[in-house]
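Participant: Have a peek at my_file-v8.txt (compact mmCIF, C-alpha atoms).
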# COMPACT_ATOMS: atom_id res chain seq x y z
CA MET X 1 -7.30 -31.88 -16.99
CA ILE X 2 -9.36 -31.15 -13.94
CA GLU X 3 -7.77 -28.78 -11.47
CA GLN X 4 -7.47 -29.88 -7.86
CA SER X 5 -9.34 -26.80 -6.65
CA PHE X 6 -12.43 -27.94 -8.59
CA ILE X 7 -12.46 -31.24 -6.68
CA TYR X 8 -12.03 -29.50 -3.32
CA GLY X 9 -14.74 -27.04 -4.39
CA LEU X 10 -17.15 -29.85 -5.23
CA ILE X 11 -16.43 -31.80 -2.02
CA GLY X 12 -16.69 -28.65 0.09
CA GLY X 13 -19.90 -27.72 -1.69
CA LEU X 14 -21.41 -31.15 -1.00
CA ILE X 15 -20.55 -30.73 2.70
CA ILE X 16 -22.10 -27.22 2.75
CA GLY X 17 -25.24 -28.62 1.12
CA SER X 18 -25.34 -31.49 3.65
CA GLY X 19 -25.28 -28.95 6.49
CA ALA X 20 -28.15 -27.06 4.86
CA ALA X 21 -30.08 -30.32 4.29
CA LEU X 22 -29.61 -31.33 7.94
CA TYR X 23 -30.80 -27.92 9.16
CA LEU X 24 -33.91 -28.15 6.97
CA LEU X 25 -34.87 -31.77 7.65
CA GLY X 26 -33.83 -31.64 11.31
CA ASN X 27 -35.02 -28.24 12.47
CA GLY X 28 -37.21 -27.05 9.60
CA ARG X 29 -34.99 -24.02 9.09
CA ILE X 30 -33.33 -22.35 6.10
CA MET X 31 -29.57 -22.32 6.53
CA GLY X 32 -28.92 -18.70 5.64
CA ALA X 33 -25.81 -17.21 7.26
CA SER X 34 -26.96 -13.58 7.12
CA GLY X 35 -30.37 -14.46 8.55
CA ILE X 36 -28.96 -16.54 11.41
CA ILE X 37 -26.28 -13.97 12.32
CA GLY X 38 -28.42 -10.89 11.59
CA GLY X 39 -31.37 -12.15 13.62
CA LEU X 40 -29.10 -12.48 16.64
CA ALA X 41 -27.39 -9.12 16.03
CA ASP X 42 -30.58 -7.08 15.75
CA GLY X 43 -32.41 -8.98 18.49
CA SER X 44 -35.26 -10.15 16.23
CA ALA X 45 -34.51 -13.83 16.96
CA ARG X 46 -33.94 -13.57 20.71
CA SER X 47 -36.08 -16.64 21.45
CA GLU X 48 -33.81 -18.79 19.27
CA TRP X 49 -30.50 -17.52 20.64
CA ARG X 50 -29.36 -20.92 21.89
CA GLU X 51 -29.98 -22.76 18.62
CA ARG X 52 -28.44 -19.99 16.53
CA GLY X 53 -25.55 -19.53 18.94
CA LEU X 54 -24.68 -23.22 18.64
CA PHE X 55 -24.92 -23.04 14.85
CA ILE X 56 -22.41 -20.16 14.90
CA ALA X 57 -20.22 -22.00 17.41
CA GLY X 58 -19.99 -24.90 14.94
CA LEU X 59 -19.43 -22.54 12.02
CA ILE X 60 -16.42 -20.92 13.74
CA GLY X 61 -15.26 -23.92 15.80
CA ALA X 62 -15.25 -26.71 13.19
CA PRO X 63 -12.75 -25.00 10.81
CA TRP X 64 -10.61 -24.06 13.82
CA LEU X 65 -10.54 -27.67 15.10
CA ALA X 66 -9.95 -29.09 11.61
CA LEU X 67 -6.95 -26.84 11.01
CA LEU X 68 -5.64 -27.63 14.49
CA ALA X 69 -5.97 -31.39 13.90
CA LEU X 70 -4.22 -31.14 10.52
CA GLY X 71 -1.53 -28.86 11.90
CA GLN X 72 -2.29 -26.30 9.21
CA THR X 73 -2.94 -22.59 9.27
CA GLY X 74 -5.82 -21.07 7.38
CA GLU X 75 -5.37 -18.09 5.12
CA THR X 76 -8.04 -15.71 3.83
CA HIS X 77 -5.66 -13.45 1.81
CA ILE X 78 -7.98 -10.59 2.74
CA THR X 79 -6.90 -6.99 2.24
CA SER X 80 -5.25 -5.12 5.12
CA ASN X 81 -6.72 -1.80 4.02
CA PRO X 82 -9.01 -0.79 6.93
CA ALA X 83 -11.17 1.48 4.76
CA VAL X 84 -11.84 -1.35 2.30
CA LEU X 85 -12.56 -3.82 5.12
CA ILE X 86 -15.06 -1.50 6.80
CA ALA X 87 -16.76 -0.38 3.59
CA ALA X 88 -17.06 -3.93 2.27
CA GLY X 89 -18.29 -5.28 5.61
CA LEU X 90 -20.99 -2.61 5.85
CA LEU X 91 -22.13 -3.27 2.26
CA VAL X 92 -22.22 -7.05 2.75
CA GLY X 93 -24.14 -6.91 6.04
CA PHE X 94 -26.56 -4.16 5.02
CA GLY X 95 -27.27 -5.55 1.55
CA ALA X 96 -27.75 -9.15 2.67
CA ARG X 97 -30.25 -8.15 5.35
CA LEU X 98 -32.12 -5.79 3.03
CA ALA X 99 -32.36 -8.60 0.47
CA ASN X 100 -33.28 -11.11 3.21
CA GLY X 101 -30.46 -13.44 2.27
CA CYS X 102 -26.96 -13.96 0.95
CA THR X 103 -25.01 -16.70 -0.83
CA SER X 104 -26.20 -19.48 1.48
CA GLY X 105 -29.86 -18.48 1.87
CA HIS X 106 -30.67 -17.24 -1.62
CA GLY X 107 -27.93 -19.12 -3.45
CA VAL X 108 -27.86 -22.62 -1.94
CA CYS X 109 -31.28 -22.90 -0.28
CA GLY X 110 -33.23 -20.74 -2.75
CA ILE X 111 -31.94 -22.07 -6.06
CA SER X 112 -32.27 -25.69 -4.88
CA ARG X 113 -36.04 -25.23 -4.42
CA LEU X 114 -36.26 -23.28 -7.70
CA SER X 115 -37.25 -20.11 -5.86
CA LEU X 116 -37.62 -17.20 -8.28
CA ARG X 117 -36.48 -14.77 -5.57
CA GLY X 118 -33.38 -16.85 -4.83
CA ILE X 119 -32.47 -17.11 -8.50
CA ALA X 120 -33.04 -13.37 -9.07
CA ALA X 121 -31.01 -12.40 -5.99
CA THR X 122 -28.14 -14.69 -7.03
CA GLY X 123 -28.07 -13.26 -10.55
CA LEU X 124 -28.01 -9.71 -9.19
CA TYR X 125 -25.31 -10.18 -6.57
CA LEU X 126 -23.10 -12.11 -9.00
CA MET X 127 -23.49 -9.26 -11.48
CA ALA X 128 -22.75 -6.61 -8.85
CA GLY X 129 -19.78 -8.64 -7.57
CA ALA X 130 -18.35 -8.92 -11.08
CA ILE X 131 -18.76 -5.18 -11.68
CA SER X 132 -17.21 -4.47 -8.27
CA VAL X 133 -14.14 -6.63 -8.99
CA TYR X 134 -13.80 -5.10 -12.45
CA ALA X 135 -14.04 -1.55 -11.10
CA PHE X 136 -11.86 -1.93 -8.01
CA LYS X 137 -9.27 -4.29 -9.55
CA HIS X 138 -8.94 -3.38 -13.20
CA ILE X 139 -9.91 0.31 -13.20
CA LEU X 140 -9.07 1.67 -9.74
CA GLY X 141 -6.44 -0.89 -8.74
CA VAL X 142 -7.58 -0.92 -5.09
CA ILE X 143 -7.68 -4.73 -4.80
CA MET R 144 -32.17 -32.22 19.79
CA ARG R 145 -32.67 -28.89 18.01
CA ASN R 146 -29.48 -27.53 19.54
CA LEU R 147 -27.44 -30.58 18.60
CA ILE R 148 -28.69 -30.42 15.00
CA ALA R 149 -27.86 -26.69 14.86
CA LEU R 150 -24.33 -27.36 16.11
CA ALA R 151 -23.84 -30.18 13.59
CA SER R 152 -25.24 -28.10 10.69
CA GLY R 153 -23.04 -25.14 11.56
CA SER R 154 -20.01 -27.44 11.80
CA LEU R 155 -20.69 -28.99 8.37
CA PHE R 156 -21.22 -25.51 6.92
CA GLY R 157 -17.92 -24.28 8.37
CA LEU R 158 -15.95 -27.35 7.22
CA GLY R 159 -17.44 -27.11 3.73
CA LEU R 160 -16.57 -23.43 3.47
CA LEU R 161 -12.99 -24.18 4.56
CA ILE R 162 -12.46 -27.13 2.20
CA SER R 163 -14.16 -25.51 -0.79
CA GLY R 164 -12.00 -22.39 -0.76
CA MET R 165 -14.88 -20.01 -0.04
CA VAL R 166 -12.84 -18.55 2.85
CA ASP R 167 -10.05 -17.60 0.42
CA THR R 168 -10.81 -14.09 -0.81
CA THR R 169 -8.50 -14.38 -3.82
CA ARG R 170 -10.48 -17.41 -5.03
CA VAL R 171 -13.80 -15.61 -4.57
CA GLN R 172 -12.52 -12.52 -6.37
CA GLY R 173 -11.05 -14.78 -9.06
CA TRP R 174 -14.51 -16.29 -9.60
CA LEU R 175 -16.06 -12.82 -9.90
CA ASP R 176 -13.29 -11.67 -12.27
CA PHE R 177 -15.12 -12.73 -15.43
CA LEU R 178 -13.18 -10.29 -17.60
CA GLY R 179 -9.79 -11.12 -16.07
CA ASP R 180 -8.18 -14.42 -15.08
CA TRP R 181 -11.46 -16.22 -14.31
CA ASP R 182 -11.42 -19.02 -11.70
CA PRO R 183 -14.44 -21.36 -12.11
CA THR R 184 -13.97 -23.13 -8.73
CA LEU R 185 -16.99 -21.49 -7.08
CA ALA R 186 -19.31 -22.93 -9.71
CA PHE R 187 -18.34 -26.36 -8.36
CA VAL R 188 -18.97 -25.19 -4.79
CA LEU R 189 -22.44 -23.82 -5.54
CA GLY R 190 -23.29 -26.79 -7.77
CA GLY R 191 -22.11 -29.23 -5.12
CA ALA R 192 -24.07 -27.49 -2.37
CA ILE R 193 -27.29 -27.42 -4.39
CA ILE R 194 -27.34 -31.22 -4.92
CA PRO R 195 -27.95 -32.39 -1.29
CA MET R 196 -30.24 -29.42 -0.70
CA ALA R 197 -32.39 -30.18 -3.77
CA ILE R 198 -32.79 -33.74 -2.45
CA ALA R 199 -33.65 -32.35 1.01
CA TRP R 200 -36.45 -30.17 -0.41
CA ARG R 201 -37.89 -33.29 -2.13
CA VAL R 202 -37.70 -35.27 1.10
CA ALA R 203 -39.30 -32.36 2.97
CA ALA R 204 -42.18 -32.29 0.49
CA SER R 205 -42.89 -35.98 1.08
CA ARG R 206 -42.55 -35.81 4.87
CA GLY R 207 -44.95 -34.12 7.21
CA ALA R 208 -42.58 -32.42 9.61
CA PRO R 209 -38.92 -31.89 10.51
CA LEU R 210 -37.24 -34.43 12.85
CA SER R 211 -37.40 -32.14 15.87
CA GLY R 212 -41.01 -31.15 15.31
CA GLY R 213 -42.56 -27.94 14.07
CA SER R 214 -43.12 -27.45 10.36
CA PHE R 215 -41.16 -26.91 7.17
CA PRO R 216 -40.81 -23.32 5.95
CA SER R 217 -43.41 -22.43 3.34
CA LYS R 218 -42.24 -20.87 0.10
CA PRO R 219 -42.25 -17.10 0.62
CA ASP R 220 -44.09 -14.64 -1.59
CA GLN R 221 -42.24 -14.89 -4.91
CA ARG R 222 -42.46 -11.23 -5.89
CA ILE R 223 -39.14 -9.64 -6.77
CA THR R 224 -39.27 -6.60 -4.48
CA SER R 225 -37.05 -3.53 -4.71
CA ASP R 226 -35.55 -4.50 -1.33
CA LEU R 227 -34.48 -7.84 -2.81
CA ALA R 228 -32.98 -6.23 -5.91
CA ILE R 229 -31.27 -3.25 -4.24
CA GLY R 230 -30.08 -5.35 -1.30
CA SER R 231 -28.58 -8.00 -3.58
CA LEU R 232 -26.75 -5.36 -5.64
CA ILE R 233 -25.33 -3.73 -2.47
CA PHE R 234 -24.36 -7.13 -1.05
CA GLY R 235 -22.68 -8.16 -4.31
CA ALA R 236 -20.66 -4.93 -4.48
CA GLY R 237 -19.25 -5.56 -0.99
CA TRP R 238 -18.68 -9.26 -1.72
CA GLY R 239 -16.55 -8.35 -4.73
CA LEU R 240 -14.67 -5.62 -2.87
CA ALA R 241 -13.45 -7.83 0.00
CA GLY R 242 -14.11 -11.38 -1.26
CA LEU R 243 -16.03 -12.53 1.82
CA CYS R 244 -19.75 -13.15 2.35
CA PRO R 245 -21.37 -13.70 5.79
CA GLY R 246 -20.80 -17.49 6.15
CA PRO R 247 -17.09 -17.48 5.24
CA ALA R 248 -16.57 -14.27 7.26
CA PHE R 249 -17.53 -16.24 10.37
CA ALA R 250 -15.95 -19.57 9.33
CA SER R 251 -12.57 -17.81 9.01
CA LEU R 252 -12.76 -15.85 12.29
CA SER R 253 -10.35 -18.21 14.11
CA PHE R 254 -7.56 -17.67 11.57
CA GLY R 255 -8.51 -14.46 9.72
CA GLY R 256 -6.51 -12.10 11.92
CA TRP R 257 -7.54 -8.57 12.86
CA GLU R 258 -8.67 -7.97 9.28
CA GLY R 259 -11.31 -10.69 9.62
CA LEU R 260 -12.53 -9.22 12.90
CA VAL R 261 -12.82 -5.71 11.43
CA PHE R 262 -14.74 -7.06 8.42
CA ALA R 263 -17.09 -9.13 10.61
CA GLY R 264 -17.66 -6.17 12.96
CA ALA R 265 -18.53 -3.86 10.06
CA MET R 266 -20.77 -6.58 8.59
CA ILE R 267 -22.73 -6.92 11.84
CA ALA R 268 -23.07 -3.12 12.01
CA GLY R 269 -24.42 -3.15 8.45
CA MET R 270 -26.92 -5.87 9.39
CA VAL R 271 -28.22 -3.84 12.33
CA LEU R 272 -28.41 -0.67 10.18
CA ALA R 273 -30.62 -2.52 7.68
CA VAL R 274 -33.44 -2.74 10.24
CA PRO R 275 -34.24 1.01 10.44
CA ALA R 276 -33.57 1.33 6.70
CA LYS R 277 -36.23 -1.28 5.97
CA ARG R 278 -38.66 0.43 8.33
CA LEU R 279 -38.09 3.81 6.66
CA ARG R 280 -38.73 2.31 3.23
CA LEU R 281 -41.90 0.62 4.46
CA SER R 282 -43.26 3.85 5.91
CA ALA R 283 -42.36 5.75 2.73
CA VAL R 284 -44.67 3.67 0.52
What is this structure when it is put down as structure tokens?

Facilitator:
Amino acid sequence: MIEQSFIYGLIGGLIIGSGAALYLLGNGRIMGASGIIGGLADGSARSEWRERGLFIAGLIGAPWLALLALGQTGETHITSNPAVLIAAGLLVGFGARLANGCTSGHGVCGISRLSLRGIAATGLYLMAGAISVYAFKHILGVI
Amino acid sequence: MRNLIALASGSLFGLGLLISGMVDTTRVQGWLDFLGDWDPTLAFVLGGAIIPMAIAWRVAASRGAPLSGGSFPSKPDQRITSDLAIGSLIFGAGWGLAGLCPGPAFASLSFGGWEGLVFAGAMIAGMVLAVPAKRLRLSAV
């Protein structure tokens, strides 16, 4: 039996990939979330602020509108521990920028063009993520 | 044209992240919990996302230029640098700890509560801190 979450995962994934395909074929850009956000945050992409700002407006606005239209509330189930939130946020932002990409850039856009760097990065962050969950959930019991 | 495409791409990205469950931290942590109660959903998300993008790379290779002009990004230097390796390990550790990566962190901002805002704020701070860190590493070698 196929679980419903797999179907939603596949459909959602196809939509994510369509967004990335449109960004590439339309604007000639790699749809990498950390690159688009980070370039605005550190000022390195100041000349593209309008394009990137609109991308981010869609990224935040579309889920908001969809939930509003469906009369549903979204739920991230994220921890309420401030120390964990801050530590994890710093690690995610710092690491993704140091590596020049995250799940969308290296994972979706990199693997799909058989980029060795994208495949290596994805293998490493999946491994680190698995170790992190094992350590913080099963050993330390923080999450 | 460029701006409209960017808005549409961002909207598709956000909708896909919402529908796929990538904004649900328990699902992400369930996917990374290989030694516990493993949830394979994210394999379907990544697999699904790669399909249209693999087609897009093929189309890009056969076309001269993007719709709104300019050129397609060339394949970067394929060396596995220490920045790539160390950065990916740091990123993965944080991804496992909270269950959010940069795209979903933003896609869930409208409904993620104060926790989502704190995470996104810390993430942006981490992104800015990576700039001097990269410069220091470059000047050290």

Participant: Identify all chain X residues at most 6 Å from chain R by counting only C-alpha atoms; ligands do not count. Present them as a ChimeraX atom specification.

Facilitator: /X:6,8-10,12-19,21,23,25-28,33-34,38,42,51,54-55,58-60,62-64,74,76-78,85-86,88-99,108,112,117,121,124-125,128-130,132-133

Participant: Enclose all atoms of region 40-58 of chain X listed in the file in an axis-aligned box, grow every side by 4 Å, and hand back centre and edge lengths in Å to one decimal, as lines of an AutoDock Vina configuration file.

Facilitator:
center_x = -28.0
center_y = -16.0
center_z = 18.4
size_x = 24.1
size_y = 25.8
size_z = 15.0

Participant: In Å to one decimal, how far is CA of Ala87 (chain X) from CA of Gly107 (chain X)?

Facilitator: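 Distance reported for this atom pair: 22.9 Å.
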
Participant: Give me, please, the distance in Å between CA of Leu24 (chain X) and CA of Ser104 (chain X), quoted to one decimal.

Facilitator: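 It comes out at 12.8 Å.
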
Participant: What gap, in Å, lies between CA of Gly35 (chain X) and CA of Gly105 (chain X)?

Facilitator: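 So the answer is 7.8 Å.
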